[in-house]
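Trainee: To be precise about what I am sending: the file is called input-v5.txt and holds compact mmCIF, C-alpha atoms.
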```
# COMPACT_ATOMS: atom_id res chain seq x y z
CA MET A 17 -47.45 -40.66 60.96
CA LYS A 18 -45.08 -43.62 61.27
CA PRO A 19 -43.67 -43.87 64.82
CA THR A 20 -39.92 -43.27 64.99
CA PRO A 21 -37.77 -44.41 67.94
CA VAL A 22 -38.00 -40.88 69.32
CA ASN A 23 -41.73 -40.29 69.05
CA ALA A 24 -42.90 -43.88 69.74
CA PRO A 25 -42.83 -43.56 73.57
CA LEU A 26 -44.52 -40.15 73.33
CA ARG A 27 -47.19 -41.62 71.06
CA MET A 28 -47.73 -44.47 73.53
CA ILE A 29 -48.26 -41.99 76.37
CA TRP A 30 -50.59 -39.92 74.18
CA ASN A 31 -52.62 -43.04 73.25
CA ALA A 32 -52.99 -43.94 76.92
CA LEU A 33 -54.11 -40.42 77.83
CA TYR A 34 -56.33 -39.85 74.78
CA TRP A 35 -58.15 -43.17 74.91
CA THR A 36 -59.87 -44.27 71.69
CA HIS A 37 -59.60 -48.06 72.00
CA GLU A 38 -62.58 -50.39 72.24
CA ARG A 39 -63.16 -52.89 75.05
CA ALA A 40 -61.69 -56.40 74.62
CA THR A 41 -58.61 -55.19 72.72
CA TRP A 42 -55.02 -55.83 73.81
CA GLN A 43 -54.65 -52.14 74.70
CA TYR A 44 -57.69 -52.45 76.99
CA ASP A 45 -56.18 -55.54 78.64
CA VAL A 46 -52.91 -53.68 79.29
CA MET A 47 -54.80 -50.78 80.87
CA VAL A 48 -56.84 -53.17 83.08
CA ILE A 49 -53.65 -54.95 84.24
CA ALA A 50 -52.01 -51.59 85.02
CA ILE A 51 -55.06 -50.51 87.06
CA LEU A 52 -55.21 -53.79 88.98
CA ALA A 53 -51.49 -53.60 89.68
CA PHE A 54 -51.91 -50.09 91.07
CA VAL A 55 -54.93 -51.01 93.23
CA TRP A 56 -53.49 -54.25 94.58
CA LEU A 57 -49.76 -53.55 94.77
CA THR A 58 -49.76 -50.03 96.21
CA PRO A 59 -49.37 -50.32 99.98
CA PRO A 60 -52.57 -48.88 101.56
CA GLY A 61 -50.40 -46.75 103.87
CA TRP A 62 -49.03 -44.79 100.90
CA LEU A 63 -52.55 -43.73 99.97
CA GLY A 64 -53.66 -43.27 103.59
CA ASP A 65 -56.49 -45.75 102.95
CA PRO A 66 -58.98 -45.17 105.79
CA THR A 67 -60.53 -48.65 105.68
CA ALA A 68 -57.95 -51.11 104.28
CA THR A 69 -57.12 -54.02 106.54
CA GLY A 70 -55.09 -57.17 105.99
CA SER A 71 -52.55 -57.92 103.34
CA GLY A 72 -54.92 -57.74 100.35
CA PRO A 73 -55.07 -60.03 97.29
CA ILE A 74 -51.29 -60.22 96.87
CA GLY A 75 -50.93 -61.22 100.52
CA TRP A 76 -53.64 -63.83 100.07
CA LEU A 77 -51.75 -65.28 97.08
CA ILE A 78 -48.45 -65.38 98.99
CA HIS A 79 -50.23 -67.08 101.90
CA LEU A 80 -51.82 -69.60 99.49
CA PHE A 81 -48.51 -70.65 97.94
CA LYS A 82 -46.52 -70.74 101.20
CA MET B 30 -59.51 -63.68 72.41
CA THR B 31 -58.28 -61.08 74.88
CA PHE B 32 -58.26 -61.56 78.66
CA THR B 33 -61.10 -59.07 79.25
CA GLY B 34 -63.01 -60.44 76.25
CA PHE B 35 -62.86 -63.91 77.81
CA ILE B 36 -64.16 -62.64 81.17
CA GLY B 37 -67.00 -60.83 79.37
CA ALA B 38 -67.96 -63.96 77.42
CA ALA B 39 -67.85 -66.11 80.59
CA CYS B 40 -70.16 -63.66 82.43
CA MET B 41 -72.61 -63.68 79.53
CA LEU B 42 -73.42 -67.41 80.04
CA PRO B 43 -75.46 -67.08 83.27
CA LEU B 44 -76.82 -63.71 82.15
CA ARG B 45 -78.37 -65.27 79.03
CA ALA B 46 -80.35 -67.63 81.27
CA ILE B 47 -81.56 -64.73 83.46
CA ILE B 48 -82.56 -62.75 80.35
CA ALA B 49 -84.52 -65.75 79.06
CA VAL B 50 -86.37 -66.07 82.39
CA CYS B 51 -87.27 -62.34 82.40
CA VAL B 52 -88.52 -62.56 78.81
CA LYS B 53 -90.62 -65.61 79.69
CA LEU B 54 -92.08 -63.91 82.76
CA LYS B 55 -92.79 -60.79 80.63
CA ILE B 56 -91.14 -58.48 83.13
CA HIS B 57 -91.05 -54.94 81.74
CA PRO B 58 -87.47 -53.67 81.20
CA ASN B 59 -88.27 -50.36 82.94
CA THR B 60 -89.25 -52.35 86.04
CA LEU B 61 -85.92 -54.19 85.89
CA THR B 62 -84.12 -50.84 85.68
CA PHE B 63 -85.99 -49.55 88.72
CA ILE B 64 -85.35 -52.71 90.76
CA GLY B 65 -81.65 -52.32 89.89
CA VAL B 66 -81.64 -48.79 91.32
CA LEU B 67 -83.31 -49.92 94.56
CA ILE B 68 -80.72 -52.68 94.99
CA ASN B 69 -77.93 -50.19 94.24
CA ILE B 70 -79.26 -48.00 97.05
CA ALA B 71 -78.95 -51.03 99.35
CA ALA B 72 -75.34 -51.43 98.13
CA ALA B 73 -74.70 -47.75 98.88
CA TRP B 74 -76.12 -48.27 102.38
CA SER B 75 -73.75 -51.22 102.93
CA LEU B 76 -70.81 -49.09 101.76
CA ALA B 77 -71.89 -46.34 104.15
CA LEU B 78 -71.76 -48.85 107.00
CA GLY B 79 -68.31 -50.03 105.89
CA ARG B 80 -69.60 -53.51 105.04
CA TYR B 81 -67.64 -53.83 101.83
CA VAL B 82 -68.06 -57.53 101.08
CA LEU B 83 -71.84 -57.34 101.53
CA ALA B 84 -71.85 -54.21 99.34
CA GLY B 85 -69.89 -56.12 96.68
CA PHE B 86 -72.45 -58.92 96.54
CA VAL B 87 -75.38 -56.47 96.49
CA MET B 88 -73.68 -54.56 93.65
CA ILE B 89 -73.40 -57.77 91.63
CA VAL B 90 -77.16 -58.37 91.97
CA ALA B 91 -78.00 -54.71 91.22
CA ASN B 92 -75.87 -54.67 88.12
CA ILE B 93 -77.37 -57.87 86.77
CA PHE B 94 -80.67 -55.97 86.63
CA ASP B 95 -78.90 -52.98 85.20
CA PHE B 96 -77.25 -55.02 82.49
CA ILE B 97 -80.20 -57.13 81.38
CA ASP B 98 -82.87 -54.41 81.05
CA GLY B 99 -81.78 -53.33 77.56
CA LYS B 100 -81.31 -56.92 76.43
CA VAL B 101 -84.79 -57.90 77.67
CA ALA B 102 -86.27 -54.89 75.83
CA ARG B 103 -84.59 -56.02 72.61
CA GLU B 104 -85.64 -59.66 73.04
CA ARG B 105 -89.24 -58.62 73.68
CA GLN B 106 -89.06 -56.01 70.88
CA ILE B 107 -90.34 -53.28 73.16
CA GLU B 108 -87.35 -50.93 72.95
CA SER B 109 -88.45 -47.34 73.34
CA GLU B 110 -86.86 -43.90 73.45
CA PHE B 111 -88.31 -43.39 76.92
CA GLY B 112 -86.74 -46.70 78.04
CA GLY B 113 -83.31 -45.43 76.97
CA PHE B 114 -83.88 -42.12 78.74
CA TRP B 115 -85.19 -43.83 81.91
CA ASP B 116 -82.23 -46.22 81.92
CA SER B 117 -79.63 -43.47 81.62
CA VAL B 118 -81.29 -41.30 84.32
CA MET B 119 -81.50 -44.27 86.69
CA ASP B 120 -77.84 -45.12 85.95
CA ARG B 121 -76.82 -41.68 87.21
CA PHE B 122 -78.97 -42.22 90.30
CA SER B 123 -77.25 -45.55 91.01
CA ASP B 124 -73.76 -44.12 90.40
CA ILE B 125 -74.28 -41.15 92.67
CA SER B 126 -75.82 -43.34 95.40
CA LEU B 127 -72.66 -45.46 95.62
CA PHE B 128 -70.45 -42.38 95.88
CA ILE B 129 -72.71 -40.89 98.57
CA GLY B 130 -72.46 -44.14 100.53
CA LEU B 131 -68.66 -43.79 100.56
CA ILE B 132 -68.82 -40.07 101.37
CA TYR B 133 -70.98 -40.92 104.40
CA LEU B 134 -68.52 -43.63 105.48
CA TYR B 135 -65.45 -41.39 105.20
CA SER B 136 -67.18 -38.51 106.95
CA THR B 137 -68.09 -40.73 109.91
CA LEU B 138 -64.41 -41.76 110.04
CA GLY B 139 -63.46 -38.07 110.07
CA ARG B 140 -61.47 -38.40 106.82
CA THR B 141 -62.09 -35.10 105.03
CA ASP B 142 -59.38 -35.95 102.48
CA TYR B 143 -61.24 -39.02 101.24
CA VAL B 144 -64.59 -37.21 101.43
CA MET B 145 -63.09 -34.74 98.94
CA ILE B 146 -61.54 -37.44 96.71
CA THR B 147 -64.86 -39.30 96.57
CA ALA B 148 -66.81 -36.09 95.90
CA LEU B 149 -64.44 -35.17 93.07
CA ALA B 150 -64.62 -38.67 91.61
CA MET B 151 -68.42 -38.38 91.74
CA MET B 152 -68.34 -34.98 90.02
CA PHE B 153 -66.18 -36.28 87.15
CA ALA B 154 -68.25 -39.48 86.88
CA VAL B 155 -71.34 -37.31 86.30
CA LEU B 156 -69.40 -35.07 83.90
CA THR B 157 -68.25 -38.14 81.96
CA SER B 158 -71.81 -38.98 80.98
CA TYR B 159 -72.85 -35.32 80.63
CA THR B 160 -70.03 -34.50 78.21
CA ARG B 161 -70.97 -37.48 76.03
CA ALA B 162 -74.68 -36.66 76.05
CA ARG B 163 -74.04 -32.99 75.25
CA ALA B 164 -71.37 -33.80 72.65
CA GLU B 165 -73.68 -36.20 70.86
CA SER B 166 -76.18 -33.39 70.39
CA LEU B 167 -73.45 -31.65 68.36
CA VAL B 168 -71.42 -34.46 66.79
CA GLU B 169 -72.44 -37.95 65.70
CA LYS B 170 -70.62 -40.01 68.32
CA CYS B 171 -68.39 -39.26 71.29
CA LYS B 172 -67.14 -42.50 72.81
CA VAL B 173 -63.55 -41.61 73.63
CA GLY B 174 -62.10 -41.98 77.14
CA PHE B 175 -61.53 -45.08 79.25
CA MET B 176 -63.57 -44.59 82.42
CA GLU B 177 -67.19 -45.27 81.55
CA ARG B 178 -69.92 -46.73 83.76
CA PRO B 179 -69.08 -50.45 83.34
CA GLU B 180 -65.45 -49.76 84.32
CA ARG B 181 -66.60 -47.75 87.36
CA ILE B 182 -68.94 -50.53 88.51
CA VAL B 183 -66.29 -53.24 88.16
CA LEU B 184 -63.80 -51.03 90.02
CA PHE B 185 -66.30 -50.46 92.85
CA MET B 186 -66.71 -54.25 93.13
CA ILE B 187 -62.94 -54.86 93.09
CA GLY B 188 -62.50 -52.20 95.79
CA ALA B 189 -65.28 -53.72 97.89
CA PHE B 190 -64.25 -57.38 97.62
CA THR B 191 -60.54 -56.79 98.13
CA ASN B 192 -60.89 -53.92 100.64
CA ARG B 193 -58.81 -51.55 98.54
CA MET B 194 -61.34 -48.74 98.01
CA ALA B 195 -58.83 -45.89 98.32
CA GLY B 196 -56.78 -47.10 95.35
CA VAL B 197 -59.97 -47.60 93.37
CA LEU B 198 -61.13 -44.05 94.11
CA TRP B 199 -57.81 -42.59 92.97
CA VAL B 200 -58.00 -44.57 89.72
CA MET B 201 -61.61 -43.48 89.17
CA LEU B 202 -60.77 -39.84 89.84
CA VAL B 203 -57.72 -39.62 87.58
CA LEU B 204 -59.23 -41.62 84.70
CA SER B 205 -62.57 -39.79 84.92
CA ILE B 206 -60.77 -36.42 84.65
CA LEU B 207 -58.92 -37.77 81.60
CA THR B 208 -62.15 -39.09 80.08
CA VAL B 209 -63.87 -35.71 80.44
CA ALA B 210 -60.81 -33.97 78.94
CA ASP B 211 -60.75 -36.51 76.06
CA ARG B 212 -64.39 -35.84 75.28
CA ILE B 213 -63.97 -32.07 75.34
CA TYR B 214 -60.92 -32.33 73.05
CA PHE B 215 -62.65 -34.81 70.70
CA THR B 216 -65.77 -32.62 70.41
CA TYR B 217 -63.69 -29.48 69.79
CA ARG B 218 -61.75 -31.26 67.04
CA GLU B 219 -64.85 -32.69 65.40
CA LEU B 220 -66.62 -29.33 65.42
CA GLU B 221 -63.55 -27.59 63.99
CA ARG B 222 -63.25 -30.26 61.29
CA ASN B 223 -66.88 -29.88 60.27
CA LYS B 224 -66.86 -26.08 60.33
CA PRO B 225 -68.01 -24.70 56.96
CA ARG B 226 -65.00 -23.14 55.23
CA LEU B 227 -65.39 -19.64 53.84
CA PRO B 228 -64.54 -19.42 50.13
CA ALA B 229 -61.10 -17.95 49.48
CA THR B 230 -61.32 -14.37 48.40
CA SER B 231 -58.83 -12.70 46.17
CA GLY B 232 -57.81 -9.10 46.48
CA VAL B 233 -59.01 -6.92 49.36
```
For this file, write the structure as structure tokens.
Mentor:
Amino acid sequence: MKPTPVNAPLRMIWNALYWTHERATWQYDVMVIAILAFVWLTPPGWLGDPTATGSGPIGWLIHLFK
Amino acid sequence: MTFTGFIGAACMLPLRAIIAVCVKLKIHPNTLTFIGVLINIAAAWSLALGRYVLAGFVMIVANIFDFIDGKVARERQIESEFGGFWDSVMDRFSDISLFIGLIYLYSTLGRTDYVMITALAMMFAVLTSYTRARAESLVEKCKVGFMERPERIVLFMIGAFTNRMAGVLWVMLVLSILTVADRIYFTYRELERNKPRLPATSGV
């Protein structure tokens, strides 16, 4: 089925949920970046992280370029 | 080449040298698998003590053994059905050990919420491999779903090295649930597709 403007976003969501892509594809890269963004950018307080300390990788980067 | 493909290729360079050494020393792949499990238990112990960075390094060593066993078997042309079975059983042992390490840590911190999240992530990690194994006794191949063992291992390492284990556990839990659901749906569809059709009858 050819994606139309209406069903294209739905299809994208479906493809992310029903994962059939191989490793080392652009879809895989996008998923990895999304996961890393969630892990590193979500403030530990929001998740009630019991062990997180410090500013994390993003904080390290900011400190590096200051 | 994709970003993850490049990382994979870069990691393969030192691994090829290690594989060559193991082949030269004639180390049996099943021994490598077993050593990998023992080192993973050490990683689980480090996680249990909250020593994340140490756990991360130990996990790297453990997973080198885990990764090269199959390759050494192929290079030495001693692949066997038992080797495959042994490898997959030991993989489950290693996986569960890491989760138990975290469950111990969170229980000593009195965090029942994260004990539950880790336990659920462990349950769905086991179900991920079980659904594939069971599905492949019914259909030819069932490799759908994102969160497989390599992804879990890399996530554990990222969580350990960057001290962001809670985020990692949430990702593992949600994506493992999706992976199990994907495999159930895929198997259902494949079985329905291959169902023998009854010939159309006319009349009564």
Trainee: Determine which residues of chain B sit within 7 Å of chain A, taking into account only C-alpha atoms, and present them as a PyMOL selection string.
Mentor: chain B and resi 31-34+173-175+191-193+195-197+207+211
Trainee: May I ask which of the residues B:Tyr81, B:Glu169, B:Ala162, B:Met151 is the closest one to Phe114 in chain B, counting only C-alpha atoms?
Mentor: B:Ala162
Trainee: Suppose you want the space between CA of Glu221 in chain B and CA of Ser205 in chain B; what is it in Å?
Mentor: 24.2 Å
Trainee: Let me make sure I understand: among B:Ala102, B:Phe122, B:Ala84, B:Ala46, which one has the smallest atom-to-atom distance to Val66 in chain B if we use all atoms listed in the file?
Mentor: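 Nearest to Val66 in chain B: B:Phe122.
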Trainee: Record the distance separating CA of Asp98 in chain B and CA of Thr62 in chain B, expressed in Å with one decimal.
Mentor: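 These two atoms are separated by 6.0 Å.
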Trainee: List as a ChimeraX atom specification the protein and nucleic acid residues near Ile97 in chain B, meaning an atom at most 9 Å away when only C-alpha atoms are counted, but skip any in the same chain fewer than 2 places from it.
Mentor: /B:44-45,47-48,51,58,61-62,92-95,99-102
Trainee: Smallest atom-to-atom distance to Thr137 in chain B: which of B:Leu149, B:Val118, B:Ile182, B:Leu78, using all atoms listed in the file?
Mentor: B:Leu78
Trainee: Please determine, counting only C-alpha atoms, which residue among B:Leu42, B:Met119, B:Val82, B:Ile132 has the shortest atom-to-atom distance to Gly65 in chain B.
Mentor: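 Counting only C-alpha atoms, the residue closest to Gly65 in chain B is B:Met119.
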Trainee: For Leu156 in chain B, please output as a VMD selection string all residues within 12 Å (counting all atoms listed in the file; exclusion window: fewer than 3 positions along the same chain).
Mentor: chain B and resid 121 124 to 125 149 to 153 159 to 164 176 to 178 202 205 to 213
Trainee: In Å, with one decimal, what is the gap from CA of Ile107 in chain B to CA of Thr60 in chain B?
Mentor: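 Calculated distance between CA of Ile107 in chain B and CA of Thr60 in chain B is 13.0 Å.
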